[in-house]
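Shown next, in structure tokens, is the structure this report addresses.
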Amino acid sequence: MRSLDYVFASLRQIDVPAKQQKEMGANAIDLLSDVGITPKELGEEGVIGDLNYSFIDHSGQSRPDWELFLSLQAEDLHKMASHPSKRVVVIAGSNKERILRAALTGGLLNVLITDELTAQTLVTE
């Protein structure tokens with residue numbers, strides 16, 4: 001996976017309202033809930049969401065004990081996004097501003113596709 005040139009990464013924060021979670025479909029947090037780890041517990045540890053199944057905090061950082069899935073982790077995504085010929089692509093809209101801001105702060109992506117309202121929110125805050 002680390003030799004890829006392009007990654008289209010999913011992104012989800014843990015504090016999304018239940019109605020919107022249903023519209024978005026299952027994700028890493030839901031899988032952990034199936035084994036007894038709750039979003040509340042993750043939040044108490046500092047997790048704000050996941051990017052490509054890699055749990056991150058508000059600064060876009062991860063911890064080894066948060067690496068619970070076989071996927072490119074935050075450190076891998078950061079290295080890839082820093083490479084001039086590689087792309088980490090994220091498509092994100094409203095209700096993902098917090099996790100998106102963390103991913104941008106951590107340098108975990110280098111291509112963002114979003115809507116005007118989300119872009120405006122990120123630029124003005």
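Labels for the structure tokens follow display order: chains A, B, ..., residues from 1 in each chain, ligands from 1.
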
Practice problem: Might you pull out every residue within 12 Å of Pro64 in chain A, with only C-alpha atoms counted and same-chain residues fewer than 6 positions away left off, and present them as a list of chain:residue names? | Solution: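 Selected residues are A:Ser54, A:Phe55, A:Ile56, A:Gln73, A:Ala74, A:Glu75.
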
Limited to all heavy atoms, could you put the picked residues into a file as an mmCIF file, in the first residue's frame?
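So result_1.cif came out as:
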data_model
loop_
_atom_site.group_PDB
_atom_site.id
_atom_site.type_symbol
_atom_site.label_atom_id
_atom_site.label_comp_id
_atom_site.auth_asym_id
_atom_site.auth_seq_id
_atom_site.Cartn_x
_atom_site.Cartn_y
_atom_site.Cartn_z
ATOM 1 N N SER A 54 -7.476 5.512 9.904
ATOM 2 C CA SER A 54 -6.413 5.895 10.832
ATOM 3 C C SER A 54 -6.979 6.964 11.763
ATOM 4 O O SER A 54 -7.337 8.053 11.312
ATOM 5 C CB SER A 54 -5.216 6.457 10.057
ATOM 6 O OG SER A 54 -4.211 6.902 10.936
ATOM 7 N N PHE A 55 -7.082 6.659 13.048
ATOM 8 C CA PHE A 55 -7.648 7.603 14.005
ATOM 9 C C PHE A 55 -6.663 8.727 14.276
ATOM 10 O O PHE A 55 -5.468 8.487 14.453
ATOM 11 C CB PHE A 55 -8.039 6.879 15.299
ATOM 12 C CG PHE A 55 -9.165 5.917 15.092
ATOM 13 C CD1 PHE A 55 -8.937 4.560 15.053
ATOM 14 C CD2 PHE A 55 -10.457 6.389 14.896
ATOM 15 C CE1 PHE A 55 -9.983 3.671 14.839
ATOM 16 C CE2 PHE A 55 -11.506 5.507 14.678
ATOM 17 C CZ PHE A 55 -11.257 4.146 14.653
ATOM 18 N N ILE A 56 -7.180 9.968 14.288
ATOM 19 C CA ILE A 56 -6.323 11.133 14.507
ATOM 20 C C ILE A 56 -6.934 12.064 15.548
ATOM 21 O O ILE A 56 -8.122 12.017 15.821
ATOM 22 C CB ILE A 56 -6.056 11.904 13.194
ATOM 23 C CG1 ILE A 56 -7.348 12.429 12.564
ATOM 24 C CG2 ILE A 56 -5.272 11.037 12.216
ATOM 25 C CD1 ILE A 56 -7.124 13.344 11.360
ATOM 26 N N GLN A 73 -1.662 4.420 7.527
ATOM 27 C CA GLN A 73 -1.882 5.177 8.746
ATOM 28 C C GLN A 73 -1.530 6.653 8.528
ATOM 29 O O GLN A 73 -1.006 7.037 7.480
ATOM 30 C CB GLN A 73 -1.058 4.574 9.883
ATOM 31 C CG GLN A 73 -1.480 3.164 10.237
ATOM 32 C CD GLN A 73 -2.913 3.098 10.730
ATOM 33 O OE1 GLN A 73 -3.322 3.847 11.610
ATOM 34 N NE2 GLN A 73 -3.690 2.179 10.179
ATOM 35 N N ALA A 74 -1.816 7.478 9.511
ATOM 36 C CA ALA A 74 -1.597 8.925 9.403
ATOM 37 C C ALA A 74 -0.164 9.242 8.982
ATOM 38 O O ALA A 74 0.056 10.092 8.117
ATOM 39 C CB ALA A 74 -1.944 9.611 10.717
ATOM 40 N N GLU A 75 0.793 8.576 9.561
ATOM 41 C CA GLU A 75 2.195 8.822 9.208
ATOM 42 C C GLU A 75 2.459 8.504 7.733
ATOM 43 O O GLU A 75 3.154 9.251 7.037
ATOM 44 C CB GLU A 75 3.105 7.970 10.094
ATOM 45 C CG GLU A 75 4.584 8.190 9.831
ATOM 46 C CD GLU A 75 5.452 7.340 10.746
ATOM 47 O OE1 GLU A 75 5.101 7.170 11.931
ATOM 48 O OE2 GLU A 75 6.488 6.850 10.261
#

Quiz item: Hey, what's within 10 Å of range 103-111 of chain A if we count only C-alpha atoms and toss same-chain stuff fewer than 5 positions away? As a ChimeraX atom specification, please?
Solution: /A:7-9,11,49-51,56-62,73-84,86-91,97-98,122

Self-check item: Counting only C-alpha atoms, the option among A:Ile29, A:Leu72, A:Leu4, A:Ala119 closest to Gly93 in chain A
Solution: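 That would be A:Ala119, the residue with the smallest distance to Gly93 in chain A.
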
Exercise. Please run DSSP on the backbone and report, as a ChimeraX atom specification, all residues within range 59-97 of chain A that come out as strand (DSSP E).
Key: /A:87-91

Written selection (N, CA and C atoms) as a PDB file, in the first residue's frame:
ATOM      1  N   ARG A  87      -0.394  11.613  -4.558  1.00  0.00           N
ATOM      2  CA  ARG A  87      -1.614  12.344  -4.219  1.00  0.00           C
ATOM      3  C   ARG A  87      -2.421  11.593  -3.173  1.00  0.00           C
ATOM      4  N   VAL A  88      -2.839  12.326  -2.149  1.00  0.00           N
ATOM      5  CA  VAL A  88      -3.803  11.835  -1.176  1.00  0.00           C
ATOM      6  C   VAL A  88      -5.029  12.725  -1.353  1.00  0.00           C
ATOM      7  N   VAL A  89      -6.086  12.143  -1.883  1.00  0.00           N
ATOM      8  CA  VAL A  89      -7.285  12.888  -2.260  1.00  0.00           C
ATOM      9  C   VAL A  89      -8.385  12.652  -1.224  1.00  0.00           C
ATOM     10  N   VAL A  90      -8.978  13.735  -0.753  1.00  0.00           N
ATOM     11  CA  VAL A  90     -10.108  13.656   0.164  1.00  0.00           C
ATOM     12  C   VAL A  90     -11.251  14.468  -0.421  1.00  0.00           C
ATOM     13  N   ILE A  91     -12.435  13.884  -0.405  1.00  0.00           N
ATOM     14  CA  ILE A  91     -13.650  14.588  -0.799  1.00  0.00           C
ATOM     15  C   ILE A  91     -14.477  14.725   0.476  1.00  0.00           C
TER      16      ILE A  91
END

Quiz item: Which of these, A:Leu112, A:Val123, A:Val16, A:Leu32, has the shortest distance to Phe69 in chain A once you count only C-alpha atoms?
Solution: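 Comparing A:Leu112, A:Val123, A:Val16, A:Leu32 against Phe69 in chain A, the winner is A:Leu32.
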
Self-check item: Which residue of A:Ile48, A:Tyr53, A:Asp30, A:Gly43 approaches Ala102 in chain A most closely, using only C-alpha atoms
Solution: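 For Ala102 in chain A, the nearest of the candidates is A:Ile48.
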
Exercise. Run DSSP on the backbone and grab whatever in range 30-110 of chain A lands in alpha helix (DSSP H); send it over as a ChimeraX atom specification.
Key: /A:30-33,39-44,74-82,97-105

Exercise. Measuring atom to atom with only C-alpha atoms, identify which of A:Glu45, A:Lys40, A:Glu116, A:Asp15 is nearest to Ser94 in chain A.
Key: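 Of A:Glu45, A:Lys40, A:Glu116, A:Asp15, the one nearest Ser94 in chain A is A:Glu116, counting only C-alpha atoms.
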
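Of the listed residues A:Arg63, A:Asn27, A:Ser85, A:Glu41, the one whose atoms come nearest to Ser3 in chain A is A:Ser85, with distances taken using only C-alpha atoms.
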
Quiz item: Could you work out how far CA of Arg101 in chain A lies from CA of Gly36 in chain A, giving the answer in Å with one decimal?
Solution: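 We find that CA of Gly36 in chain A and CA of Arg101 in chain A lie 28.0 Å from each other.
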
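Taking CA of Leu42 in chain A and CA of Ile113 in chain A as endpoints, the distance between them is 27.1 Å.
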